[in-house]
Amino acid sequence: MDLSLYTDSVPNLTLDEALDFAVGIGAKAVEIAAGGQSSAPHMRVFDLLDNPKDLAEFGDKITSRGLRLTAVNCSAWPMHPKYGDEHLEIIRASIRLASELQVDKIVTMSGCPGDSPSAQTINWITFPWPEDMVAVLNKQWERAIGFWRELADYALAHGVERIALELHPLHLVYNVPTLLRLRKEIGPVIGANVDPSHMFWQHMDPVQVVRALGPAVHHVHLKDLEFHESQLALSGVLDLEPFSSPERRAWIFRTIGQGHGAPFWSSFIDALHEIGYDDVLSIENEDPTLPKEEGVTQAAEFISGLLDLRARDGLT
């Protein structure tokens with residue numbers, strides 16, 4: 001497994017600075033965002049597709065540093081009543097860009113529709129009651145299966161063989177059963193981007209998730225989470241305090257090692273080895289308590305230490 005940097009983790013750096021920074025922390029690959037929920041600080045996907053010379057220079061910036069582009073990220077809101085069409089076009093553009101750069105993987109999200117044709121926003125249904133809500137959820141899944149069947153065909157036609165859906169709350173696909181449901185309908189092009197941080201606050205076990213998904217693990221994000229026990233006792237995990245006020249929240253994202261220690265992350269790496277995962281560990285930093293570059297550097301040092309220890313023990 002190679003260390004990768006999701007460059008949105010250092011949004012204040014230019015593309016050249018972000019790539020140099022990736023080399024400096026020991027990364028062998030980068031993951032770069034094309035849009036969606038990201039402001040895409042390091043890539044203008046439509047401009048690159050319209051300008052072959054700029055696209056070639058973009059690719060050269062990566063490979064000349066000994067890096068590879070592991071995935072084009074488009075963490076979007078497909079099927080959103082307001083943004084869905086726009087985000088669908090960004091996903092399609094991400095697929096075309098990946099194809100042009102000979103990358104066979106994109107990272108995105110499943111999306112979630114609203115509850116009716118007049119909906120203004122998504123309706124994420126997570127409780128099997130009342131019956132009218134269950135009926136809405138069934139309709140959402142019917143739409144999602146058709147949507148992703150068409151988009152998967154589009155990806156495969158462009159040589160993109162892996163669509164890594166982040167198991168993210170607010171989307172139809174957010175845990176093992178929902179990922180496997182869509183994968184069963186669409187095929188092995190659909191897989192998971194496993195980010196333990198989103199699993200921790202849902203009280204899922206990322207190690208068991210990896211083992212249950214097996215070959216459906218297409219990508220891995222390295223991000224941690226810390227609980228604030230006093231607030232957790234009062235609010236639970238469904239916390240509406242804004243992310244801009246981390247001190248008031250029941251949980252916050254942390255750089256890896258700051259929420260869960262080496263025993264967890266070692267077992268997580270072991271599980272990835274068990275299933276034969278041989279791709280990247282991509283650092284995603286959203287720690288509000290540390291400067292961006294410092295958080296990424298700490299994450300790289302932490303995970304590199306665990307990988308080096310594993311290598312010394314003869315576990316590759």
# chains A, B, ... in the order shown; residues from 1 in each chain; ligands from 1
$ residues_around --residues "range 204-214 of chain A" --least-positions-apart "4" --cutoff "12 Å" --atoms "only C-alpha atoms" --output "compact mmCIF listing (two decimals) with N, CA, C and O atoms, in the first residue's frame"
# COMPACT_ATOMS: atom_id res chain seq x y z
N LEU A 167 -18.64 5.99 1.99
CA LEU A 167 -19.74 5.57 2.88
C LEU A 167 -20.03 6.73 3.82
O LEU A 167 -19.53 6.79 4.94
N TYR A 174 -24.22 4.50 2.68
CA TYR A 174 -23.49 5.03 3.83
C TYR A 174 -22.96 3.95 4.77
O TYR A 174 -22.27 4.24 5.74
N ASN A 175 -23.26 2.67 4.49
CA ASN A 175 -22.78 1.58 5.34
C ASN A 175 -22.63 0.33 4.49
O ASN A 175 -22.79 0.36 3.26
N VAL A 176 -22.31 -0.78 5.12
CA VAL A 176 -22.08 -2.02 4.36
C VAL A 176 -23.33 -2.50 3.63
O VAL A 176 -23.28 -2.80 2.44
N PRO A 177 -24.48 -2.63 4.30
CA PRO A 177 -25.65 -3.15 3.58
C PRO A 177 -26.05 -2.30 2.37
O PRO A 177 -26.41 -2.84 1.32
N THR A 178 -25.96 -0.96 2.50
CA THR A 178 -26.37 -0.12 1.37
C THR A 178 -25.37 -0.18 0.23
O THR A 178 -25.75 -0.17 -0.95
N LEU A 179 -24.08 -0.27 0.55
CA LEU A 179 -23.07 -0.41 -0.52
C LEU A 179 -23.26 -1.72 -1.26
O LEU A 179 -23.25 -1.77 -2.49
N LEU A 180 -23.42 -2.80 -0.51
CA LEU A 180 -23.57 -4.10 -1.15
C LEU A 180 -24.88 -4.19 -1.94
O LEU A 180 -24.94 -4.89 -2.97
N ARG A 181 -25.90 -3.49 -1.50
CA ARG A 181 -27.16 -3.49 -2.25
C ARG A 181 -26.96 -2.86 -3.63
O ARG A 181 -27.39 -3.41 -4.65
N ARG A 183 -24.05 -2.41 -5.22
CA ARG A 183 -23.07 -3.21 -5.95
C ARG A 183 -23.72 -4.44 -6.57
O ARG A 183 -23.40 -4.82 -7.71
N PRO A 188 -19.42 -5.01 -10.08
CA PRO A 188 -18.19 -4.74 -9.32
C PRO A 188 -17.53 -3.40 -9.62
O PRO A 188 -16.57 -3.04 -8.94
N ILE A 190 -18.87 -0.77 -8.91
CA ILE A 190 -19.25 -0.05 -7.69
C ILE A 190 -18.50 -0.64 -6.50
O ILE A 190 -18.52 -1.85 -6.28
N GLY A 191 -17.83 0.22 -5.77
CA GLY A 191 -17.13 -0.21 -4.56
C GLY A 191 -17.15 0.91 -3.55
O GLY A 191 -17.85 1.92 -3.71
N ALA A 192 -16.37 0.75 -2.49
CA ALA A 192 -16.40 1.69 -1.37
C ALA A 192 -15.12 2.48 -1.27
O ALA A 192 -14.02 1.96 -1.50
N ASN A 193 -15.27 3.75 -0.90
CA ASN A 193 -14.18 4.52 -0.33
C ASN A 193 -14.36 4.43 1.18
O ASN A 193 -15.33 4.97 1.73
N VAL A 194 -13.46 3.73 1.84
CA VAL A 194 -13.58 3.49 3.28
C VAL A 194 -12.87 4.62 4.03
O VAL A 194 -11.65 4.75 3.98
N ASP A 195 -13.65 5.43 4.71
CA ASP A 195 -13.15 6.52 5.55
C ASP A 195 -13.60 6.24 6.97
O ASP A 195 -14.79 6.41 7.29
N PRO A 196 -12.70 5.78 7.85
CA PRO A 196 -13.12 5.40 9.21
C PRO A 196 -13.81 6.50 9.98
O PRO A 196 -14.65 6.22 10.84
N SER A 197 -13.50 7.77 9.70
CA SER A 197 -14.06 8.84 10.52
C SER A 197 -15.58 8.85 10.49
O SER A 197 -16.22 9.07 11.52
N HIS A 198 -16.17 8.60 9.35
CA HIS A 198 -17.63 8.62 9.25
C HIS A 198 -18.26 7.39 9.90
O HIS A 198 -19.45 7.40 10.23
N MET A 199 -17.46 6.35 10.03
CA MET A 199 -17.96 5.13 10.67
C MET A 199 -17.91 5.25 12.19
O MET A 199 -18.81 4.75 12.88
N PHE A 200 -16.88 5.93 12.70
CA PHE A 200 -16.74 6.05 14.15
C PHE A 200 -17.98 6.67 14.78
O PHE A 200 -18.50 6.17 15.77
N HIS A 218 -12.49 -0.16 -2.74
CA HIS A 218 -11.80 0.41 -3.90
C HIS A 218 -10.81 1.52 -3.52
O HIS A 218 -9.92 1.84 -4.31
N HIS A 219 -11.00 2.11 -2.34
CA HIS A 219 -10.19 3.28 -1.97
C HIS A 219 -10.26 3.44 -0.46
O HIS A 219 -11.20 2.95 0.19
N VAL A 220 -9.27 4.14 0.11
CA VAL A 220 -9.23 4.35 1.55
C VAL A 220 -8.83 5.80 1.83
O VAL A 220 -7.83 6.29 1.31
N HIS A 221 -9.61 6.46 2.67
CA HIS A 221 -9.25 7.77 3.20
C HIS A 221 -8.79 7.61 4.64
O HIS A 221 -9.42 6.88 5.42
N LEU A 222 -7.73 8.30 5.00
CA LEU A 222 -7.22 8.28 6.36
C LEU A 222 -7.68 9.55 7.08
O LEU A 222 -7.17 10.64 6.84
N LYS A 223 -8.66 9.39 7.94
CA LYS A 223 -9.18 10.50 8.74
C LYS A 223 -9.72 9.94 10.03
O LYS A 223 -10.34 8.88 10.04
N ASP A 224 -9.49 10.64 11.12
CA ASP A 224 -9.86 10.16 12.45
C ASP A 224 -10.99 11.01 13.00
O ASP A 224 -11.42 12.00 12.39
N HIS A 260 -8.09 7.96 17.63
CA HIS A 260 -7.90 6.53 17.89
C HIS A 260 -6.41 6.24 17.70
O HIS A 260 -5.81 6.68 16.73
N PRO A 263 -3.14 1.03 18.15
CA PRO A 263 -3.75 -0.30 18.09
C PRO A 263 -4.88 -0.38 17.07
O PRO A 263 -4.97 -1.37 16.32
N PHE A 264 -5.75 0.64 17.04
CA PHE A 264 -6.81 0.59 16.04
C PHE A 264 -6.23 0.65 14.64
O PHE A 264 -6.59 -0.16 13.77
N TRP A 265 -5.37 1.63 14.36
CA TRP A 265 -4.90 1.83 12.98
C TRP A 265 -4.07 0.65 12.50
O TRP A 265 -4.08 0.31 11.32
N SER A 266 -3.36 0.00 13.41
CA SER A 266 -2.62 -1.22 13.03
C SER A 266 -3.58 -2.33 12.62
O SER A 266 -3.36 -3.03 11.62
N SER A 267 -4.66 -2.48 13.38
CA SER A 267 -5.64 -3.53 13.05
C SER A 267 -6.37 -3.18 11.76
O SER A 267 -6.74 -4.08 10.99
N PHE A 268 -6.56 -1.91 11.49
CA PHE A 268 -7.19 -1.47 10.25
C PHE A 268 -6.32 -1.84 9.05
O PHE A 268 -6.80 -2.39 8.06
N ILE A 269 -5.02 -1.55 9.16
CA ILE A 269 -4.08 -1.92 8.09
C ILE A 269 -4.03 -3.44 7.93
O ILE A 269 -4.01 -3.96 6.80
N ASP A 270 -4.03 -4.16 9.05
CA ASP A 270 -4.03 -5.63 8.97
C ASP A 270 -5.25 -6.13 8.19
O ASP A 270 -5.14 -7.04 7.36
N ALA A 271 -6.42 -5.54 8.46
CA ALA A 271 -7.63 -5.97 7.77
C ALA A 271 -7.53 -5.71 6.27
O ALA A 271 -7.96 -6.53 5.45
N LEU A 272 -6.96 -4.57 5.90
CA LEU A 272 -6.78 -4.26 4.47
C LEU A 272 -5.86 -5.28 3.81
O LEU A 272 -6.10 -5.73 2.69
N HIS A 273 -4.80 -5.66 4.52
CA HIS A 273 -3.91 -6.70 3.98
C HIS A 273 -4.65 -8.04 3.85
O HIS A 273 -4.46 -8.76 2.86
N GLU A 274 -5.46 -8.35 4.82
CA GLU A 274 -6.18 -9.63 4.80
C GLU A 274 -7.05 -9.76 3.55
O GLU A 274 -7.19 -10.86 3.01
N ILE A 275 -7.67 -8.67 3.13
CA ILE A 275 -8.58 -8.76 1.99
C ILE A 275 -7.85 -8.57 0.66
O ILE A 275 -8.47 -8.59 -0.41
N GLY A 276 -6.53 -8.35 0.72
CA GLY A 276 -5.75 -8.20 -0.50
C GLY A 276 -5.77 -6.81 -1.08
O GLY A 276 -5.44 -6.62 -2.27
N TYR A 277 -6.13 -5.81 -0.28
CA TYR A 277 -6.13 -4.44 -0.77
C TYR A 277 -4.69 -4.00 -1.03
O TYR A 277 -3.84 -4.06 -0.15
N ASP A 278 -4.42 -3.55 -2.24
CA ASP A 278 -3.05 -3.18 -2.63
C ASP A 278 -3.09 -1.87 -3.41
O ASP A 278 -2.69 -1.80 -4.56
$ select_by_dssp --residues "range 245-314 of chain A" --states "strand (DSSP E or B)" --output "PyMOL selection string"
chain A and resi 251-254+280-283
$ select_by_dssp --residues "range 54-274 of chain A" --states "helix (DSSP H, G or I)" --output "ChimeraX atom specification"
/A:54-63,84-100,131-157,176-186,196-201,206-216,229-235,246-248,262-274
$ closest_atom_pairs --of "range 194-283 of chain A" --to "range 19-34 of chain A" --cutoff "10 Å" --atoms "only C-alpha atoms" --output "Markdown table"
| residue | atom | partner | partner_atom | distance |
| --- | --- | --- | --- | --- |
| A:Asp279 | CA | A:Ala29 | CA | 9.9 |
| A:Val280 | CA | A:Ala29 | CA | 7.5 |
| A:Leu281 | CA | A:Ala29 | CA | 9.3 |
| A:Ser282 | CA | A:Glu31 | CA | 7.3 |
| A:Ile283 | CA | A:Glu31 | CA | 9.2 |
$ closest_residue --among "A:Phe127, A:Leu55, A:Leu182, A:Leu137" --to "Ser110 in chain A" --atoms "only C-alpha atoms"
A:Leu182
